[in-house]
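Text of the file coords_35.pdb, holding PDB, C-alpha atoms:
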```pdb
ATOM      1  CA  MET T   1      -4.125  -3.084 -14.525  1.00  0.00           C
ATOM      2  CA  LYS T   2      -4.490  -1.973 -18.103  1.00  0.00           C
ATOM      3  CA  PRO T   3      -1.691  -2.565 -20.632  1.00  0.00           C
ATOM      4  CA  GLU T   4      -1.009   1.187 -20.776  1.00  0.00           C
ATOM      5  CA  HIS T   5      -0.408   1.169 -17.002  1.00  0.00           C
ATOM      6  CA  ILE T   6       2.222  -1.538 -17.359  1.00  0.00           C
ATOM      7  CA  GLU T   7       3.825   0.407 -20.212  1.00  0.00           C
ATOM      8  CA  GLU T   8       3.972   3.486 -17.978  1.00  0.00           C
ATOM      9  CA  VAL T   9       5.571   1.412 -15.202  1.00  0.00           C
ATOM     10  CA  GLN T  10       8.192   0.252 -17.713  1.00  0.00           C
ATOM     11  CA  ARG T  11       8.879   3.864 -18.740  1.00  0.00           C
ATOM     12  CA  ILE T  12       9.289   4.942 -15.103  1.00  0.00           C
ATOM     13  CA  VAL T  13      11.678   2.144 -14.086  1.00  0.00           C
ATOM     14  CA  LYS T  14      14.926   2.847 -15.895  1.00  0.00           C
ATOM     15  CA  THR T  15      17.488   1.340 -13.500  1.00  0.00           C
ATOM     16  CA  GLY T  16      15.607  -1.594 -12.007  1.00  0.00           C
ATOM     17  CA  ARG T  17      13.586  -4.463 -13.354  1.00  0.00           C
ATOM     18  CA  VAL T  18       9.924  -4.767 -14.291  1.00  0.00           C
ATOM     19  CA  LEU T  19       8.710  -8.356 -14.183  1.00  0.00           C
ATOM     20  CA  THR T  20       5.641  -9.140 -16.288  1.00  0.00           C
ATOM     21  CA  GLU T  21       6.065 -12.819 -17.204  1.00  0.00           C
ATOM     22  CA  VAL T  22       3.561 -15.128 -15.511  1.00  0.00           C
ATOM     23  CA  ALA T  23       6.308 -17.317 -13.967  1.00  0.00           C
ATOM     24  CA  ASP T  24       8.023 -14.249 -12.456  1.00  0.00           C
ATOM     25  CA  ARG T  25       4.775 -12.801 -11.134  1.00  0.00           C
ATOM     26  CA  TYR T  26       3.724 -16.151  -9.667  1.00  0.00           C
ATOM     27  CA  SER T  27       6.891 -16.122  -7.537  1.00  0.00           C
ATOM     28  CA  TYR T  28       5.452 -13.041  -5.808  1.00  0.00           C
ATOM     29  CA  SER T  29       1.944 -14.464  -5.332  1.00  0.00           C
ATOM     30  CA  PHE T  30       2.441 -16.019  -1.894  1.00  0.00           C
ATOM     31  CA  ASP T  31       4.193 -15.658   1.455  1.00  0.00           C
ATOM     32  CA  ALA T  32       4.472 -17.997   4.452  1.00  0.00           C
ATOM     33  CA  SER T  33       0.703 -17.728   5.055  1.00  0.00           C
ATOM     34  CA  PHE T  34      -2.077 -19.286   3.024  1.00  0.00           C
ATOM     35  CA  GLY T  35      -3.397 -18.178  -0.324  1.00  0.00           C
ATOM     36  CA  THR T  36      -2.041 -17.315  -3.738  1.00  0.00           C
ATOM     37  CA  HIS T  37      -2.681 -13.963  -5.420  1.00  0.00           C
ATOM     38  CA  VAL T  38      -0.803 -13.097  -8.610  1.00  0.00           C
ATOM     39  CA  PRO T  39       0.175  -9.433  -9.097  1.00  0.00           C
ATOM     40  CA  ASP T  40      -0.125  -7.665 -12.441  1.00  0.00           C
ATOM     41  CA  VAL T  41       3.502  -6.514 -12.335  1.00  0.00           C
ATOM     42  CA  VAL T  42       6.536  -6.748 -10.041  1.00  0.00           C
ATOM     43  CA  VAL T  43       9.087  -3.953  -9.741  1.00  0.00           C
ATOM     44  CA  GLN T  44      12.614  -4.242  -8.375  1.00  0.00           C
ATOM     45  CA  THR T  45      14.464  -0.940  -8.087  1.00  0.00           C
ATOM     46  CA  LYS T  46      16.828   0.779  -5.673  1.00  0.00           C
ATOM     47  CA  GLN T  47      15.966   4.256  -6.967  1.00  0.00           C
ATOM     48  CA  VAL T  48      13.738   6.213  -4.603  1.00  0.00           C
ATOM     49  CA  ASP T  49      12.707   8.630  -7.355  1.00  0.00           C
ATOM     50  CA  GLU T  50      11.389   5.689  -9.402  1.00  0.00           C
ATOM     51  CA  LEU T  51       9.442   4.420  -6.398  1.00  0.00           C
ATOM     52  CA  VAL T  52       7.961   7.896  -5.859  1.00  0.00           C
ATOM     53  CA  ALA T  53       6.846   8.037  -9.503  1.00  0.00           C
ATOM     54  CA  LEU T  54       5.320   4.556  -9.246  1.00  0.00           C
ATOM     55  CA  ILE T  55       3.342   5.500  -6.140  1.00  0.00           C
ATOM     56  CA  ARG T  56       2.099   8.655  -7.865  1.00  0.00           C
ATOM     57  CA  LEU T  57       0.971   6.569 -10.855  1.00  0.00           C
ATOM     58  CA  ALA T  58      -0.750   4.062  -8.575  1.00  0.00           C
ATOM     59  CA  ASN T  59      -2.480   6.825  -6.625  1.00  0.00           C
ATOM     60  CA  ARG T  60      -3.650   8.578  -9.784  1.00  0.00           C
ATOM     61  CA  GLU T  61      -4.953   5.368 -11.402  1.00  0.00           C
ATOM     62  CA  LYS T  62      -6.173   3.702  -8.161  1.00  0.00           C
ATOM     63  CA  ILE T  63      -3.823   0.728  -8.607  1.00  0.00           C
ATOM     64  CA  PRO T  64      -3.081  -1.287  -5.455  1.00  0.00           C
ATOM     65  CA  VAL T  65       0.560  -1.365  -4.348  1.00  0.00           C
ATOM     66  CA  TYR T  66       2.146  -4.031  -2.154  1.00  0.00           C
ATOM     67  CA  PRO T  67       5.594  -3.356  -0.670  1.00  0.00           C
ATOM     68  CA  ARG T  68       7.363  -6.650  -0.089  1.00  0.00           C
ATOM     69  CA  GLY T  69      10.555  -7.857   1.495  1.00  0.00           C
ATOM     70  CA  LEU T  70      11.331 -11.562   1.427  1.00  0.00           C
ATOM     71  CA  ALA T  71       7.737 -12.516   2.341  1.00  0.00           C
ATOM     72  CA  THR T  72       8.447 -14.607   5.424  1.00  0.00           C
ATOM     73  CA  CYS T  73       5.418 -13.272   7.276  1.00  0.00           C
ATOM     74  CA  LEU T  74       2.564 -15.486   8.352  1.00  0.00           C
ATOM     75  CA  SER T  75      -0.141 -12.826   8.092  1.00  0.00           C
ATOM     76  CA  GLY T  76      -0.428 -12.346   4.329  1.00  0.00           C
ATOM     77  CA  GLY T  77       0.847  -8.762   4.576  1.00  0.00           C
ATOM     78  CA  PRO T  78       2.559  -8.595   1.159  1.00  0.00           C
ATOM     79  CA  LEU T  79      -0.036 -10.641  -0.756  1.00  0.00           C
ATOM     80  CA  PRO T  80      -1.379  -8.810  -3.826  1.00  0.00           C
ATOM     81  CA  ILE T  81      -4.973  -9.798  -3.159  1.00  0.00           C
ATOM     82  CA  LYS T  82      -6.301  -7.346  -5.757  1.00  0.00           C
ATOM     83  CA  GLY T  83      -3.565  -7.613  -8.373  1.00  0.00           C
ATOM     84  CA  GLY T  84      -1.657  -4.402  -8.909  1.00  0.00           C
ATOM     85  CA  ILE T  85       2.020  -3.652  -8.326  1.00  0.00           C
ATOM     86  CA  VAL T  86       4.357  -5.554  -6.022  1.00  0.00           C
ATOM     87  CA  LEU T  87       7.385  -3.476  -5.026  1.00  0.00           C
ATOM     88  CA  ASP T  88      10.195  -5.890  -4.201  1.00  0.00           C
ATOM     89  CA  LEU T  89      12.119  -3.847  -1.637  1.00  0.00           C
ATOM     90  CA  SER T  90      14.452  -6.721  -0.760  1.00  0.00           C
ATOM     91  CA  VAL T  91      16.805  -5.358  -3.437  1.00  0.00           C
ATOM     92  CA  MET T  92      17.297  -2.225  -1.312  1.00  0.00           C
ATOM     93  CA  ASP T  93      19.897  -3.825   0.946  1.00  0.00           C
ATOM     94  CA  ASP T  94      22.999  -1.681   0.571  1.00  0.00           C
ATOM     95  CA  VAL T  95      22.785   0.593   3.634  1.00  0.00           C
ATOM     96  CA  LEU T  96      23.738  -0.895   7.003  1.00  0.00           C
ATOM     97  CA  GLU T  97      25.550   1.602   9.195  1.00  0.00           C
ATOM     98  CA  ILE T  98      25.992   1.247  12.943  1.00  0.00           C
ATOM     99  CA  ARG T  99      26.758   4.490  14.764  1.00  0.00           C
ATOM    100  CA  GLU T 100      27.979   3.159  18.067  1.00  0.00           C
ATOM    101  CA  ASP T 101      28.452   6.569  19.717  1.00  0.00           C
ATOM    102  CA  ASP T 102      24.832   7.463  18.967  1.00  0.00           C
ATOM    103  CA  LEU T 103      23.501   3.930  19.567  1.00  0.00           C
ATOM    104  CA  ILE T 104      21.666   3.914  16.250  1.00  0.00           C
ATOM    105  CA  ALA T 105      21.622   1.924  13.044  1.00  0.00           C
ATOM    106  CA  ILE T 106      20.785   3.364   9.645  1.00  0.00           C
ATOM    107  CA  VAL T 107      19.469   0.679   7.309  1.00  0.00           C
ATOM    108  CA  SER T 108      17.784   0.151   3.961  1.00  0.00           C
ATOM    109  CA  PRO T 109      14.457  -1.726   4.031  1.00  0.00           C
ATOM    110  CA  GLY T 110      15.907  -4.833   2.367  1.00  0.00           C
ATOM    111  CA  VAL T 111      18.640  -5.479   4.948  1.00  0.00           C
ATOM    112  CA  ILE T 112      18.351  -8.941   6.522  1.00  0.00           C
ATOM    113  CA  THR T 113      17.496  -8.637  10.225  1.00  0.00           C
ATOM    114  CA  ALA T 114      20.230 -11.059  11.335  1.00  0.00           C
ATOM    115  CA  ASN T 115      22.799  -8.860   9.569  1.00  0.00           C
ATOM    116  CA  ILE T 116      21.766  -5.963  11.803  1.00  0.00           C
ATOM    117  CA  HIS T 117      22.297  -8.215  14.831  1.00  0.00           C
ATOM    118  CA  LYS T 118      25.760  -9.195  13.577  1.00  0.00           C
ATOM    119  CA  ALA T 119      26.810  -5.618  12.745  1.00  0.00           C
ATOM    120  CA  ALA T 120      25.665  -4.395  16.174  1.00  0.00           C
ATOM    121  CA  GLU T 121      27.514  -7.221  17.955  1.00  0.00           C
ATOM    122  CA  LYS T 122      30.759  -6.246  16.187  1.00  0.00           C
ATOM    123  CA  LYS T 123      30.434  -2.873  17.947  1.00  0.00           C
ATOM    124  CA  GLY T 124      29.604  -4.428  21.323  1.00  0.00           C
ATOM    125  CA  LEU T 125      25.900  -3.639  20.937  1.00  0.00           C
ATOM    126  CA  MET T 126      22.694  -5.606  20.523  1.00  0.00           C
ATOM    127  CA  TYR T 127      19.652  -5.284  18.279  1.00  0.00           C
ATOM    128  CA  PRO T 128      16.963  -6.935  20.448  1.00  0.00           C
ATOM    129  CA  PRO T 129      14.039  -7.808  18.107  1.00  0.00           C
ATOM    130  CA  ASP T 130      14.614 -11.404  17.017  1.00  0.00           C
ATOM    131  CA  PRO T 131      11.785 -12.830  14.922  1.00  0.00           C
ATOM    132  CA  SER T 132      12.200 -16.534  14.222  1.00  0.00           C
ATOM    133  CA  SER T 133      12.779 -15.665  10.568  1.00  0.00           C
ATOM    134  CA  SER T 134      15.575 -13.161  11.311  1.00  0.00           C
ATOM    135  CA  ASN T 135      18.062 -15.016   9.095  1.00  0.00           C
ATOM    136  CA  VAL T 136      15.839 -14.445   6.063  1.00  0.00           C
ATOM    137  CA  SER T 137      13.467 -11.602   6.955  1.00  0.00           C
ATOM    138  CA  THR T 138      14.112  -7.967   6.056  1.00  0.00           C
ATOM    139  CA  ILE T 139      13.982  -5.030   8.427  1.00  0.00           C
ATOM    140  CA  GLY T 140      11.353  -3.335   6.245  1.00  0.00           C
ATOM    141  CA  GLY T 141       9.090  -6.352   6.567  1.00  0.00           C
ATOM    142  CA  ASN T 142       9.801  -6.514  10.311  1.00  0.00           C
ATOM    143  CA  LEU T 143       8.679  -2.918  10.594  1.00  0.00           C
ATOM    144  CA  ALA T 144       5.564  -3.465   8.455  1.00  0.00           C
ATOM    145  CA  GLU T 145       4.553  -6.455  10.587  1.00  0.00           C
ATOM    146  CA  ASN T 146       5.989  -5.152  13.899  1.00  0.00           C
ATOM    147  CA  SER T 147       7.978  -8.347  14.371  1.00  0.00           C
ATOM    148  CA  GLY T 148       9.375  -9.266  17.733  1.00  0.00           C
ATOM    149  CA  GLY T 149      10.421 -12.728  18.806  1.00  0.00           C
ATOM    150  CA  PRO T 150      11.145 -14.167  22.263  1.00  0.00           C
ATOM    151  CA  ARG T 151      13.260 -11.194  23.373  1.00  0.00           C
ATOM    152  CA  GLY T 152      10.300  -8.927  22.605  1.00  0.00           C
ATOM    153  CA  LEU T 153       8.839  -9.718  26.019  1.00  0.00           C
ATOM    154  CA  LYS T 154      11.837  -8.186  27.751  1.00  0.00           C
ATOM    155  CA  TYR T 155      13.156  -5.608  25.290  1.00  0.00           C
ATOM    156  CA  GLY T 156      10.243  -4.735  22.992  1.00  0.00           C
ATOM    157  CA  VAL T 157       9.467  -5.292  19.332  1.00  0.00           C
ATOM    158  CA  THR T 158      10.555  -3.587  16.106  1.00  0.00           C
ATOM    159  CA  LYS T 159       8.471  -0.431  16.587  1.00  0.00           C
ATOM    160  CA  ASP T 160      10.211   0.203  19.878  1.00  0.00           C
ATOM    161  CA  TYR T 161      13.541   0.650  18.067  1.00  0.00           C
ATOM    162  CA  VAL T 162      12.535   2.985  15.244  1.00  0.00           C
ATOM    163  CA  LEU T 163      13.546   6.617  15.737  1.00  0.00           C
ATOM    164  CA  GLY T 164      12.934   7.878  12.232  1.00  0.00           C
ATOM    165  CA  LEU T 165      11.909   6.840   8.750  1.00  0.00           C
ATOM    166  CA  GLU T 166      12.172   8.034   5.199  1.00  0.00           C
ATOM    167  CA  ILE T 167       8.872   7.060   3.608  1.00  0.00           C
ATOM    168  CA  ILE T 168       6.778   7.631   0.526  1.00  0.00           C
ATOM    169  CA  THR T 169       3.228   8.680   1.356  1.00  0.00           C
ATOM    170  CA  PRO T 170       0.308   7.141  -0.554  1.00  0.00           C
ATOM    171  CA  GLU T 171       0.170  10.367  -2.584  1.00  0.00           C
ATOM    172  CA  GLY T 172       3.790   9.915  -3.673  1.00  0.00           C
ATOM    173  CA  GLU T 173       5.467  12.478  -1.431  1.00  0.00           C
ATOM    174  CA  LEU T 174       8.857  11.583   0.043  1.00  0.00           C
ATOM    175  CA  ILE T 175       9.005  12.583   3.712  1.00  0.00           C
ATOM    176  CA  ARG T 176      11.248  12.026   6.718  1.00  0.00           C
ATOM    177  CA  THR T 177       9.848  11.314  10.143  1.00  0.00           C
ATOM    178  CA  GLY T 178      11.585  11.400  13.497  1.00  0.00           C
ATOM    179  CA  GLY T 179      15.312  11.847  13.724  1.00  0.00           C
ATOM    180  CA  TYR T 180      18.499  10.445  15.219  1.00  0.00           C
ATOM    181  CA  THR T 181      17.588  10.925  18.880  1.00  0.00           C
ATOM    182  CA  VAL T 182      14.889   9.586  21.176  1.00  0.00           C
ATOM    183  CA  LYS T 183      13.771  13.083  22.222  1.00  0.00           C
ATOM    184  CA  ASN T 184      12.935  14.699  18.902  1.00  0.00           C
ATOM    185  CA  VAL T 185      10.017  17.109  19.037  1.00  0.00           C
ATOM    186  CA  THR T 186      10.022  18.379  15.447  1.00  0.00           C
ATOM    187  CA  GLY T 187       8.219  16.901  12.450  1.00  0.00           C
ATOM    188  CA  TYR T 188       5.956  13.863  12.408  1.00  0.00           C
TER     189      TYR T 188
END
```

Now, as a test, write the supplied structure out as structure tokens.
Amino acid sequence: MKPEHIEEVQRIVKTGRVLTEVADRYSYSFDASFGTHVPDVVVQTKQVDELVALIRLANREKIPVYPRGLATCLSGGPLPIKGGIVLDLSVMDDVLEIREDDLIAIVSPGVITANIHKAAEKKGLMYPPDPSSSNVSTIGGNLAENSGGPRGLKYGVTKDYVLGLEIITPEGELIRTGGYTVKNVTGY
């Protein structure tokens, strides 16, 4: 990334943090797999509009972007192998709502998987996917890696429990997919 790109990132992110120090960036250079790849910049923000603007910048300037939870994966999924921007989505952990009558959970990407289990159990329900890292992994990372665990053989893995998503496309468009019911025939 060029210095002017980092300056633009800093102008976009008004409510979060932009990490540019080498020590901070190094903390985001690895996961539970092998290899170390230091990003050019790390962004922590809860503001969706800031994330949209960052993705638009990255798309326009052809800067690689790496969404990241708590990086417990063994596959290297969040590793910034070509530098660029790491989006630390683990800070987006404030939405965890269980709607027991509808049998759904509404969660932010940074919610710890075990916390979903616990919230569901309080309502007499169960969230089946149980990756071995569920006490430290985020639901966003589970979705990105399609995590499962031992119960996955009987009940399915993360993808089997997703009814809808709010996502930012690579072009920087915010869209909603699916809905709140299993039989939803509109939209993506």

Shell of 10 Å around Gly140 of chain T, only C-alpha atoms, local chain residues under 6 positions omitted, as a PyMOL selection string: chain T and resi 67-70+89-90+92+107-113+146+158

Would you kindly translate the PyMOL selection byres ((chain T and resi 33) around 8) into the concrete residues it picks from this file, as a list of chain:residue names? T:Phe30, T:Asp31, T:Ala32, T:Phe34, T:Gly35, T:Cys73, T:Leu74, T:Ser75, T:Gly76

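Closest to Lys82 of chain T among T:Val13, T:Met126, T:Val22, T:Val38 is T:Val38, based on only C-alpha atoms.
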
Residue contacts of Asp49 of chain T (12 Å, only C-alpha atoms) excluding same-chain residues fewer than 3 positions away, as a list of chain:residue names: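 The residues satisfying every condition are T:Ile12, T:Val13, T:Lys14, T:Thr15, T:Gly16, T:Thr45, T:Lys46, T:Val52, T:Ala53, T:Leu54, T:Ile55, T:Arg56, T:Ile167, T:Ile168, T:Gly172, T:Glu173, T:Leu174.
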
Find, counting all atoms listed in the file, the residue in T:Tyr127, T:Asp93, T:Glu166, T:Lys122 that gets nearest to Gly178 of chain T.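 Checking each of T:Tyr127, T:Asp93, T:Glu166, T:Lys122 against Gly178 of chain T, counting all atoms listed in the file, the winner is T:Glu166.
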
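Comparing the minimum interatomic distances between Tyr161 of chain T and each of T:Ala105, T:Leu79, T:Ala120, T:Ile6, counting all atoms listed in the file, we find that T:Ala105 sits nearest.
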
Computed interatomic separation between atom CA of Asp24 of chain T and atom CA of Leu87 of chain T (Å): 13.1 Å

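Note on the selection: in this file the PyMOL selection byres ((chain T and resi 180) around 8) comes out as Asp102, Ile104, Leu163, Gly164, Gly178, Gly179, Thr181, Val182 and Asn184 of chain T.
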
Give the answer as one residue: which of T:Asp94, T:Glu171, T:Glu50, T:Asp130 has the shortest atom-to-atom distance to Gly152 of chain T, using all atoms listed in the file? T:Asp130

Got a sec to resolve the PyMOL selection byres ((chain T and resi 2) around 12) on this structure and send the residues as an mmCIF file with C-alpha atoms, keeping the file's coordinate frame?
```
data_model
loop_
_atom_site.group_PDB
_atom_site.id
_atom_site.type_symbol
_atom_site.label_atom_id
_atom_site.label_comp_id
_atom_site.auth_asym_id
_atom_site.auth_seq_id
_atom_site.Cartn_x
_atom_site.Cartn_y
_atom_site.Cartn_z
ATOM 1 C CA MET T 1 -4.125 -3.084 -14.525
ATOM 2 C CA PRO T 3 -1.691 -2.565 -20.632
ATOM 3 C CA GLU T 4 -1.009 1.187 -20.776
ATOM 4 C CA HIS T 5 -0.408 1.169 -17.002
ATOM 5 C CA ILE T 6 2.222 -1.538 -17.359
ATOM 6 C CA GLU T 7 3.825 0.407 -20.212
ATOM 7 C CA GLU T 8 3.972 3.486 -17.978
ATOM 8 C CA VAL T 9 5.571 1.412 -15.202
ATOM 9 C CA ASP T 40 -0.125 -7.665 -12.441
ATOM 10 C CA VAL T 41 3.502 -6.514 -12.335
ATOM 11 C CA ALA T 58 -0.750 4.062 -8.575
ATOM 12 C CA GLU T 61 -4.953 5.368 -11.402
ATOM 13 C CA LYS T 62 -6.173 3.702 -8.161
ATOM 14 C CA ILE T 63 -3.823 0.728 -8.607
ATOM 15 C CA GLY T 83 -3.565 -7.613 -8.373
ATOM 16 C CA GLY T 84 -1.657 -4.402 -8.909
ATOM 17 C CA ILE T 85 2.020 -3.652 -8.326
#
```

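Nearest residue to Lys154 of chain T, choosing from T:Arg17, T:Pro129, T:Gly124, T:Lys118 and counting all atoms listed in the file: T:Pro129.
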
Could you please give me, as a ChimeraX atom specification, the residues of protein, DNA or RNA lying at most 9 Å from (26.5, 1.0, 11.7) in the coordinate frame of the file, considering only C-alpha atoms? /T:95-100,103-107,116,119-120,123

Let's have the selection written as a PDB file, in the frame of the given file, with C-alpha atoms.
```
ATOM      1  CA  VAL T  95      22.785   0.593   3.634  1.00  0.00           C
ATOM      2  CA  LEU T  96      23.738  -0.895   7.003  1.00  0.00           C
ATOM      3  CA  GLU T  97      25.550   1.602   9.195  1.00  0.00           C
ATOM      4  CA  ILE T  98      25.992   1.247  12.943  1.00  0.00           C
ATOM      5  CA  ARG T  99      26.758   4.490  14.764  1.00  0.00           C
ATOM      6  CA  GLU T 100      27.979   3.159  18.067  1.00  0.00           C
ATOM      7  CA  LEU T 103      23.501   3.930  19.567  1.00  0.00           C
ATOM      8  CA  ILE T 104      21.666   3.914  16.250  1.00  0.00           C
ATOM      9  CA  ALA T 105      21.622   1.924  13.044  1.00  0.00           C
ATOM     10  CA  ILE T 106      20.785   3.364   9.645  1.00  0.00           C
ATOM     11  CA  VAL T 107      19.469   0.679   7.309  1.00  0.00           C
ATOM     12  CA  ILE T 116      21.766  -5.963  11.803  1.00  0.00           C
ATOM     13  CA  ALA T 119      26.810  -5.618  12.745  1.00  0.00           C
ATOM     14  CA  ALA T 120      25.665  -4.395  16.174  1.00  0.00           C
ATOM     15  CA  LYS T 123      30.434  -2.873  17.947  1.00  0.00           C
TER      16      LYS T 123
END
```

At what distance in Å, to one decimal, does atom CA of Val136 of chain T lie from atom CA of Val86 of chain T?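 Computed distance, atom CA of Val86 of chain T to atom CA of Val136 of chain T, equals 18.9 Å.
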
In Å, rounded to a single decimal, give me how far atom CA of Ser133 of chain T is from atom CA of Lys159 of chain T.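 Separation of atom CA of Lys159 of chain T and atom CA of Ser133 of chain T: 16.9 Å.
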
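If all atoms listed in the file are the atoms counted, then among T:Ile175, T:His37, T:Pro131, T:Pro80 the closest residue to Val157 of chain T is T:Pro131.
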